[in-house]
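Asker: Compact mmCIF, C-alpha atoms, file data-v6.txt:
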# COMPACT_ATOMS: atom_id res chain seq x y z
CA PRO P 16 58.73 97.62 83.64
CA THR P 17 60.45 100.84 82.66
CA SER P 18 62.61 103.08 84.76
CA SER P 19 59.59 105.31 85.43
CA SER P 20 57.76 102.50 87.18
CA LEU P 21 54.42 102.98 88.84
CA HIS P 22 54.40 100.74 91.92
CA LEU P 23 51.53 99.48 94.05
CA HIS P 24 52.21 99.45 97.77
CA HIS P 25 50.36 97.85 100.67
CA HIS P 26 51.48 96.69 104.10
CA SER P 27 54.35 94.65 102.64
CA THR P 28 57.64 96.44 102.02
CA THR P 29 57.95 94.65 98.66
CA PRO P 30 56.43 96.65 95.78
CA THR P 31 53.89 94.81 93.66
CA PRO P 32 54.05 94.79 89.83
CA PHE P 33 53.48 98.12 88.14
CA PHE P 34 51.38 98.95 85.07
CA PRO P 35 52.29 102.41 83.69
CA LEU P 36 49.54 104.83 82.83
CA GLN P 37 49.22 105.79 79.18
CA SER P 38 47.19 108.32 77.25
CA LYS P 39 43.41 108.18 77.37
CA LYS P 40 43.47 106.29 74.08
CA ARG P 41 45.82 103.68 75.53
CA LEU P 42 43.78 103.50 78.73
CA LYS P 43 40.77 102.59 76.62
CA ASN P 44 42.55 100.01 74.49
CA ARG P 45 45.04 98.41 76.84
CA MET P 46 44.56 99.36 80.48
CA GLN P 47 41.06 98.09 81.18
CA PRO P 48 41.98 96.72 84.65
CA PHE P 49 42.52 100.33 85.78
CA ASP P 50 39.27 101.66 84.39
CA GLN P 51 37.23 101.24 87.54
CA ALA P 52 39.82 103.08 89.62
CA PHE P 53 40.14 105.91 87.11
CA ASP P 54 36.38 106.27 86.85
CA GLU P 55 35.97 106.36 90.62
CA ILE P 56 38.67 109.00 90.99
CA ALA P 57 37.37 111.11 88.11
CA THR P 58 33.76 110.87 89.32
CA GLN P 59 34.62 112.16 92.77
CA MET P 60 36.99 114.84 91.47
CA VAL P 61 34.16 116.35 89.38
CA ASP P 62 32.33 117.20 92.62
CA ILE P 63 35.47 117.99 94.62
CA ILE P 64 36.96 120.39 92.06
CA GLY P 65 33.61 121.77 90.86
CA GLN P 66 33.62 124.80 88.57
CA GLY P 67 31.93 122.81 85.81
CA ILE P 68 34.80 120.41 85.15
CA THR P 69 33.72 117.28 83.28
CA LYS P 70 34.56 113.70 84.09
CA GLU P 71 36.76 113.40 81.01
CA GLN P 72 38.63 116.55 81.98
CA ALA P 73 39.11 115.29 85.52
CA ARG P 74 40.39 111.98 84.19
CA SER P 75 42.86 113.76 81.92
CA LEU P 76 44.49 115.29 85.00
CA LEU P 77 45.66 111.88 86.24
CA ALA P 78 49.31 110.98 85.85
CA GLU P 79 51.83 108.38 86.92
CA PRO P 80 54.28 109.37 89.67
CA MET P 81 57.60 110.64 88.37
CA ASP P 82 59.43 108.96 91.24
CA PRO P 83 59.69 105.18 90.67
CA ASN P 84 59.78 104.73 94.46
CA ALA P 85 56.60 106.71 95.04
CA THR P 86 54.01 105.14 97.33
CA ALA P 87 51.15 106.31 95.10
CA ASP P 88 49.70 104.47 92.14
CA VAL P 89 48.03 107.50 90.54
CA THR P 90 48.65 111.19 91.09
CA LEU P 91 46.81 114.35 90.25
CA PRO P 92 49.19 117.35 89.89
CA VAL P 93 47.12 120.31 91.04
CA ASN P 94 48.78 122.72 88.61
CA ARG P 95 47.39 120.67 85.71
CA ALA P 96 43.95 122.03 86.58
CA ARG P 97 45.08 125.43 85.31
CA ARG P 98 44.77 124.14 81.73
CA PHE P 99 40.99 124.37 82.22
CA LYS P 100 41.29 127.90 83.69
CA LEU P 101 40.07 126.72 87.08
CA LYS P 102 40.37 128.95 90.15
CA LEU P 103 42.58 127.40 92.83
CA ASP P 104 41.86 128.60 96.38
CA GLY P 105 45.33 128.48 97.88
CA THR P 106 48.75 127.17 97.01
CA PRO P 107 49.09 123.86 95.14
CA SER P 108 50.08 122.23 98.43
CA GLU P 109 46.99 123.58 100.21
CA VAL P 110 44.70 122.66 97.35
CA SER P 111 46.06 119.11 97.08
CA GLN P 112 45.43 118.52 100.79
CA ALA P 113 41.97 120.05 100.58
CA TRP P 114 40.99 117.89 97.61
CA ALA P 115 42.45 114.76 99.21
CA SER P 116 40.55 115.34 102.43
CA LYS P 117 37.26 115.34 100.50
CA PHE P 118 37.96 112.09 98.63
CA VAL P 119 35.94 109.16 100.01
CA PRO P 120 37.94 105.88 99.88
CA THR P 121 36.36 102.99 97.98
CA GLU P 122 37.08 99.28 97.71
CA THR P 123 39.22 100.03 94.67
CA VAL P 124 40.87 103.36 95.56
CA VAL P 125 41.72 102.91 99.22
CA SER P 126 43.27 106.29 100.05
CA ALA P 127 44.08 109.81 98.88
CA SER P 128 46.59 112.27 100.31
CA GLY P 129 47.97 115.71 99.52
CA SER P 130 51.60 116.75 99.44
CA GLU P 131 53.87 119.76 99.86
CA GLU P 132 54.66 119.53 96.16
CA GLY P 133 50.99 119.94 95.21
CA PHE P 134 50.08 116.39 94.18
CA VAL P 135 47.01 114.41 95.19
CA SER P 136 48.23 110.82 95.55
CA PHE P 137 45.88 107.85 95.23
CA VAL P 138 46.55 104.25 96.25
CA ILE P 139 44.75 101.41 94.45
CA SER P 140 43.84 98.21 96.27
CA PRO P 141 46.32 95.52 95.13
CA VAL P 142 43.62 92.86 95.50
CA LYS P 143 41.23 94.71 93.20
CA LEU P 144 43.98 95.36 90.70
CA TYR P 145 45.08 91.72 90.65
CA GLU P 146 41.49 90.59 90.19
CA GLY P 147 41.04 93.02 87.31
CA VAL P 148 44.30 92.15 85.59
CA ILE P 149 43.83 88.39 85.89
CA SER P 150 40.25 88.62 84.63
CA PHE P 151 41.28 90.85 81.75
CA VAL P 152 44.12 88.53 80.72
CA ALA P 153 41.82 85.49 80.90
CA GLU P 154 39.11 87.19 78.85
CA SER P 155 41.58 88.54 76.28
CA GLY P 156 43.39 85.26 75.75
CA SER P 157 45.93 85.46 72.93
CA LYS P 158 44.71 88.99 72.16
CA TYR P 159 46.02 90.35 75.47
CA GLY P 160 48.26 93.35 74.95
CA GLU P 161 47.13 94.09 71.39
CA ASP P 162 46.70 97.72 70.41
CA HIS P 163 46.03 98.21 66.70
CA SER P 164 45.96 101.98 67.08
CA VAL P 165 49.78 102.08 67.18
CA GLY P 166 50.42 100.84 63.64
CA ALA P 167 47.04 101.92 62.30
CA GLY P 168 47.45 99.86 59.13
CA LYS P 169 50.87 101.17 58.10
CA LYS P 170 52.70 98.74 55.84
CA CYS P 171 55.71 96.93 57.26
CA VAL P 172 57.97 94.30 55.64
CA PHE P 173 60.26 91.86 57.46
CA GLU P 174 62.70 89.64 55.58
CA TYR P 175 64.29 86.96 57.73
CA CYS P 176 65.49 83.35 57.94
CA SER P 177 67.15 83.26 54.46
CA ALA P 178 67.99 79.56 54.69
CA ASN P 179 69.86 77.91 51.83
CA LEU P 180 68.43 75.17 49.66
CA GLY P 181 69.77 71.67 49.86
CA LYS P 182 70.99 71.98 53.45
CA PRO P 183 69.34 71.08 56.76
CA PHE P 184 67.85 73.96 58.72
CA HIS P 185 70.39 74.54 61.50
CA GLN P 186 71.07 76.80 64.47
CA GLY P 187 72.70 79.39 62.23
CA HIS P 188 69.27 80.24 60.83
CA LEU P 189 67.29 79.59 64.00
CA ARG P 190 68.20 82.82 65.80
CA SER P 191 67.24 85.16 62.97
CA THR P 192 64.08 83.14 62.26
CA ILE P 193 62.84 83.37 65.85
CA MET P 194 63.75 87.06 66.12
CA GLY P 195 62.10 87.81 62.78
CA GLN P 196 58.87 86.04 63.71
CA PHE P 197 58.84 87.80 67.07
CA LEU P 198 59.01 91.18 65.31
CA VAL P 199 56.30 90.11 62.86
CA ASN P 200 53.99 88.98 65.68
CA THR P 201 54.63 92.13 67.71
CA HIS P 202 53.96 94.49 64.80
CA LYS P 203 50.80 92.63 63.83
CA ALA P 204 49.57 92.94 67.42
CA LEU P 205 50.24 96.68 67.19
CA GLY P 206 48.13 97.05 64.06
CA TYR P 207 50.73 97.16 61.28
CA ASP P 208 49.99 95.60 57.90
CA VAL P 209 52.90 93.14 57.96
CA THR P 210 54.39 91.07 55.13
CA ALA P 211 56.80 88.30 56.18
CA ILE P 212 59.32 87.28 53.52
CA ASN P 213 61.72 84.37 53.45
CA TYR P 214 64.36 85.43 50.91
CA MET P 215 66.17 82.19 50.24
CA GLY P 216 69.63 81.52 48.94
CA ASP P 217 68.35 79.35 46.08
CA TRP P 218 70.54 80.29 43.13
CA GLY P 219 74.17 80.14 42.15
CA SER P 220 76.90 77.79 40.95
CA GLN P 221 76.67 75.76 44.16
CA TYR P 222 73.35 74.41 42.93
CA SER P 223 74.76 73.42 39.57
CA LEU P 224 77.49 71.61 41.52
CA LEU P 225 74.81 69.92 43.64
CA SER P 226 72.97 68.88 40.47
CA LEU P 227 76.11 67.25 39.11
CA GLY P 228 76.65 65.62 42.48
CA PHE P 229 73.17 64.14 42.41
CA GLU P 230 73.80 62.64 38.98
CA LYS P 231 76.93 60.98 40.41
CA TYR P 232 75.93 60.09 43.98
CA GLY P 233 72.17 60.61 44.13
CA SER P 234 69.39 58.18 44.87
CA ASP P 235 65.72 58.91 44.24
CA GLU P 236 64.73 56.61 47.09
CA LYS P 237 67.06 58.32 49.59
CA LEU P 238 65.99 61.73 48.36
CA GLU P 239 62.32 61.00 49.02
CA ALA P 240 63.03 59.35 52.37
CA ASP P 241 65.38 62.04 53.76
CA PRO P 242 65.68 64.99 51.35
CA MET P 243 67.89 67.26 53.39
CA GLY P 244 70.06 64.51 54.79
CA HIS P 245 70.71 63.03 51.37
CA LEU P 246 71.32 66.40 49.67
CA TYR P 247 73.78 67.36 52.38
CA GLU P 248 75.56 64.04 51.95
CA ILE P 249 75.85 64.71 48.20
CA TYR P 250 76.96 68.30 48.86
CA VAL P 251 79.87 67.11 51.01
CA LYS P 252 80.97 64.48 48.49
CA ILE P 253 80.82 66.64 45.37
CA ASN P 254 82.63 69.51 47.10
CA ALA P 255 85.36 67.08 48.08
CA ASP P 256 85.59 66.04 44.43
CA ALA P 257 85.77 69.67 43.30
CA ALA P 258 88.57 70.37 45.77
CA GLU P 259 90.65 67.60 44.21
CA ASP P 260 89.65 67.96 40.57
CA ALA P 261 89.37 71.38 38.89
CA SER P 262 87.37 69.87 36.03
CA VAL P 263 84.46 69.31 38.41
CA LYS P 264 84.22 73.05 39.06
CA GLU P 265 84.48 73.74 35.34
CA ALA P 266 81.65 71.31 34.66
CA ALA P 267 79.57 73.00 37.35
CA ARG P 268 80.18 76.44 35.83
CA ALA P 269 79.16 75.17 32.42
CA HIS P 270 76.03 73.62 33.94
CA PHE P 271 75.16 76.90 35.66
CA VAL P 272 75.40 78.77 32.34
CA ARG P 273 72.78 76.39 31.01
CA MET P 274 70.64 76.97 34.11
CA GLU P 275 70.78 80.72 33.58
CA ALA P 276 69.85 80.21 29.95
CA GLY P 277 66.68 78.48 31.18
CA GLU P 278 67.41 75.03 29.78
CA GLU P 279 64.82 72.76 31.34
CA ASP P 280 67.12 69.75 31.42
CA ALA P 281 69.68 71.77 33.41
CA LEU P 282 66.99 73.06 35.79
CA LYS P 283 65.18 69.81 36.55
CA HIS P 284 67.28 68.82 39.58
CA TRP P 285 67.33 72.38 40.93
CA ARG P 286 63.53 72.61 40.74
CA ARG P 287 63.19 69.36 42.62
CA PHE P 288 65.75 70.36 45.27
CA ARG P 289 63.98 73.69 45.75
CA GLU P 290 60.57 72.10 46.19
CA LEU P 291 61.86 69.52 48.66
CA SER P 292 63.83 72.14 50.58
CA ILE P 293 60.84 74.45 50.97
CA ARG P 294 58.65 71.51 52.00
CA ASN P 295 61.21 70.56 54.65
CA MET P 296 61.51 74.16 55.85
CA GLU P 297 57.73 74.46 56.17
CA THR P 298 57.69 71.37 58.39
CA VAL P 299 60.29 72.98 60.66
CA PHE P 300 58.47 76.33 60.57
CA ARG P 301 55.19 74.73 61.64
CA ARG P 302 56.93 73.28 64.68
CA LEU P 303 58.36 76.73 65.47
CA ASN P 304 55.04 78.49 64.77
CA VAL P 305 56.75 80.54 62.07
CA HIS P 306 54.71 81.74 59.10
CA PHE P 307 55.78 83.45 55.88
CA ASP P 308 53.56 85.31 53.46
CA VAL P 309 56.10 85.17 50.63
CA TYR P 310 58.85 82.76 49.66
CA ASP P 311 61.24 84.76 47.52
CA GLY P 312 64.81 84.14 46.47
CA GLU P 313 67.76 84.97 44.29
CA SER P 314 66.34 82.79 41.50
CA MET P 315 63.36 85.13 41.13
CA GLN P 316 65.37 88.26 40.45
Could you write out this structure as structure tokens?
Answerer:
Amino acid sequence: PTSSSLHLHHHSTTPTPFFPLQSKKRLKNRMQPFDQAFDEIATQMVDIIGQGITKEQARSLLAEPMDPNATADVTLPVNRARRFKLKLDGTPSEVSQAWASKFVPTETVVSASGSEEGFVSFVISPVKLYEGVISFVAESGSKYGEDHSVGAGKKCVFEYCSANLGKPFHQGHLRSTIMGQFLVNTHKALGYDVTAINYMGDWGSQYSLLSLGFEKYGSDEKLEADPMGHLYEIYVKINADAAEDASVKEAARAHFVRMEAGEEDALKHWRRFRELSIRNMETVFRRLNVHFDVYDGESMQ
């Protein structure tokens, strides 16, 4: 709910949930539970207002109350009728009360009343609204709330997660991953042409250091059984070695030069680590219902 809430009131003093009115386009795409009420109001207002006004014009006069504590669910500001050059017999206050007195309550729209400010206020039956909303949600399923007219096919790119290779996926990446996927899902539901990118930290001297660490501490069996666990174990050990022995860092830098030169022998461990890391990430992403269109990274630049 927004600050300009549209509340439904009945005999209880507690306001029921509100569903703000939107433009006619939004009413068509997203507010189907209100359609019967709008149609009933507009149909009667054609005869009440007269002067050749159409049903669509009458419906366009409807608005949500400006006051969030208003007891009405839908209002018709009398002065809006002037846009169609209609003749109003009396002040807005008098006209609103005259129009309201001619409205015949229905099962859906249970009452209409005029006001000193010149508004015709309509109250919708909470029971009918609940029935409509629940039915609409059930029929829409996972498509409930979608409105592709908002994005209208505009292109939109989200880059998120950015996990590093050779390390377990941890809570540091979880927040941005969930937020990123939420934005992707929301924009797709609104009709944007979305591309989701996981730009990974998959290049740099740390991976040459990890390659050297695998040659010293690695096990093919452990790597296949628990890729991320074993790589992290190696990462900790080789970094401890590098902290104590400067030659380890020098060897890693020399190895990275060979990697950048594209030497296959220098790249073989990195390729394997990258493949295993992505495979592990995809397992985690499936559990989180996270989906990427593109796996990109520093190594591809």
Asker: Nearest to Glu297 in chain P: which of P:Leu246, P:Val263, P:Cys176, P:Leu282 is it, counting only C-alpha atoms?
Answerer: P:Cys176
Asker: Please report the interatomic distance between CA of Ala258 in chain P and CA of Met296 in chain P in Å with one decimal.
Answerer: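 Distance between the two atoms: 29.1 Å.
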Asker: To one decimal in Å, tell me the separation between CA of Met274 in chain P and CA of Arg289 in chain P.
Answerer: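 We find that CA of Met274 in chain P and CA of Arg289 in chain P lie 13.8 Å from each other.
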Asker: Hey, can you check how far CA of Asn295 in chain P sits from CA of Phe184 in chain P?
Answerer: 8.5 Å
Asker: Would you pick out the contacts of Leu198 in chain P at 8 Å or less, using all atoms listed in the file, so that residues sharing its chain but fewer than 4 positions from it are not included, and give the list as an NGL selection string?
Answerer: :P and (173 or 194 or 202)
Asker: Can you spit out the residues from that selection as a compact mmCIF listing (two decimals), in the frame of the given file, using C-alpha atoms?
Answerer:
# COMPACT_ATOMS: atom_id res chain seq x y z
CA PHE P 173 60.26 91.86 57.46
CA MET P 194 63.75 87.06 66.12
CA HIS P 202 53.96 94.49 64.80
Asker: Of the candidates P:Ala52, P:Pro242, P:Ala276, P:Arg268, which one gets nearest to Leu227 in chain P if we count only C-alpha atoms?
Answerer: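 Counting only C-alpha atoms, the residue closest to Leu227 in chain P is P:Arg268.
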Asker: Which residues are near range 217-224 of chain P? Cut-off 10 Å, only C-alpha atoms, ignore same chain within fewer than 2 positions. Put them as a VMD selection string.
Answerer: chain P and resid 177 to 181 214 to 215 226 to 229 249 to 250 253 to 254 257 263 to 275 281 to 282 284 to 286 288 to 289 292 311 to 316
Asker: For the point (41.5, 116.8, 98.5) in file coordinates, what residues are within 9 Å, counting only C-alpha atoms? Give the answer as a PyMOL selection string?
Answerer: chain P and resi 60+63-64+109-118+127-129+135
Asker: Give me the residues within 12 Å of Lys100 in chain P as JSON, numbers by chain, counting only C-alpha atoms and dropping any in the same chain fewer than 3 places off.
Answerer: {"P": [66, 67, 68, 72, 94, 95, 96, 97, 103]}
Asker: Go ahead and save the picked residues with C-alpha atoms, as a PDB file, keeping the file's coordinate frame.
Answerer:
ATOM      1  CA  GLN P  66      33.620 124.800  88.570  1.00  0.00           C
ATOM      2  CA  GLY P  67      31.930 122.810  85.810  1.00  0.00           C
ATOM      3  CA  ILE P  68      34.800 120.410  85.150  1.00  0.00           C
ATOM      4  CA  GLN P  72      38.630 116.550  81.980  1.00  0.00           C
ATOM      5  CA  ASN P  94      48.780 122.720  88.610  1.00  0.00           C
ATOM      6  CA  ARG P  95      47.390 120.670  85.710  1.00  0.00           C
ATOM      7  CA  ALA P  96      43.950 122.030  86.580  1.00  0.00           C
ATOM      8  CA  ARG P  97      45.080 125.430  85.310  1.00  0.00           C
ATOM      9  CA  LEU P 103      42.580 127.400  92.830  1.00  0.00           C
TER      10      LEU P 103
END
Asker: Give me the residues within 9 Å of Thr201 in chain P as a PyMOL selection string, counting all atoms listed in the file and dropping any in the same chain fewer than 5 places off.
Answerer: chain P and resi 161+196+206
Asker: So which residues touch Thr69 in chain P within 9 Å, counting all atoms listed in the file, skipping near sequence neighbours fewer than 5 positions away, as a list of chain:residue names?
Answerer: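 With the cut-off at 9 Å, the set is P:Ala57, P:Thr58, P:Val61, P:Arg74.
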Asker: Of the residues P:Glu174, P:Asp104, P:Glu122, P:Glu79, which is the one nearest to Ser136 in chain P, using all atoms listed in the file?
Answerer: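 Under the stated criterion, the closest residue is P:Glu79.
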Asker: Generate N, CA and C atoms for range 211-223 of chain P and emit them as a short mmCIF file (atom, residue, chain, number, x, y, z; two decimals), keeping the file's coordinate frame.
Answerer:
data_model
loop_
_atom_site.label_atom_id
_atom_site.label_comp_id
_atom_site.auth_asym_id
_atom_site.auth_seq_id
_atom_site.Cartn_x
_atom_site.Cartn_y
_atom_site.Cartn_z
N ALA P 211 55.63 89.07 55.75
CA ALA P 211 56.80 88.30 56.18
C ALA P 211 57.39 87.58 54.97
N ILE P 212 58.66 87.83 54.71
CA ILE P 212 59.32 87.28 53.52
C ILE P 212 60.50 86.40 53.91
N ASN P 213 60.55 85.23 53.32
CA ASN P 213 61.72 84.37 53.45
C ASN P 213 62.48 84.46 52.12
N TYR P 214 63.55 85.24 52.13
CA TYR P 214 64.36 85.43 50.91
C TYR P 214 65.47 84.39 50.94
N MET P 215 65.30 83.35 50.16
CA MET P 215 66.17 82.19 50.24
C MET P 215 67.40 82.31 49.34
N GLY P 216 68.46 81.66 49.78
CA GLY P 216 69.63 81.52 48.94
C GLY P 216 69.42 80.30 48.04
N ASP P 217 68.77 80.50 46.91
CA ASP P 217 68.35 79.35 46.08
C ASP P 217 68.92 79.40 44.67
N TRP P 218 70.01 80.16 44.49
CA TRP P 218 70.54 80.29 43.13
C TRP P 218 72.05 80.45 43.22
N GLY P 219 72.73 80.01 42.18
CA GLY P 219 74.17 80.14 42.15
C GLY P 219 74.84 78.86 41.70
N SER P 220 76.16 78.94 41.47
CA SER P 220 76.90 77.79 40.95
C SER P 220 76.91 76.61 41.91
N GLN P 221 76.69 76.88 43.21
CA GLN P 221 76.67 75.76 44.16
C GLN P 221 75.55 74.78 43.86
N TYR P 222 74.47 75.30 43.24
CA TYR P 222 73.35 74.41 42.93
C TYR P 222 73.58 73.63 41.63
N SER P 223 74.37 74.21 40.75
CA SER P 223 74.76 73.42 39.57
C SER P 223 75.72 72.32 40.01
#
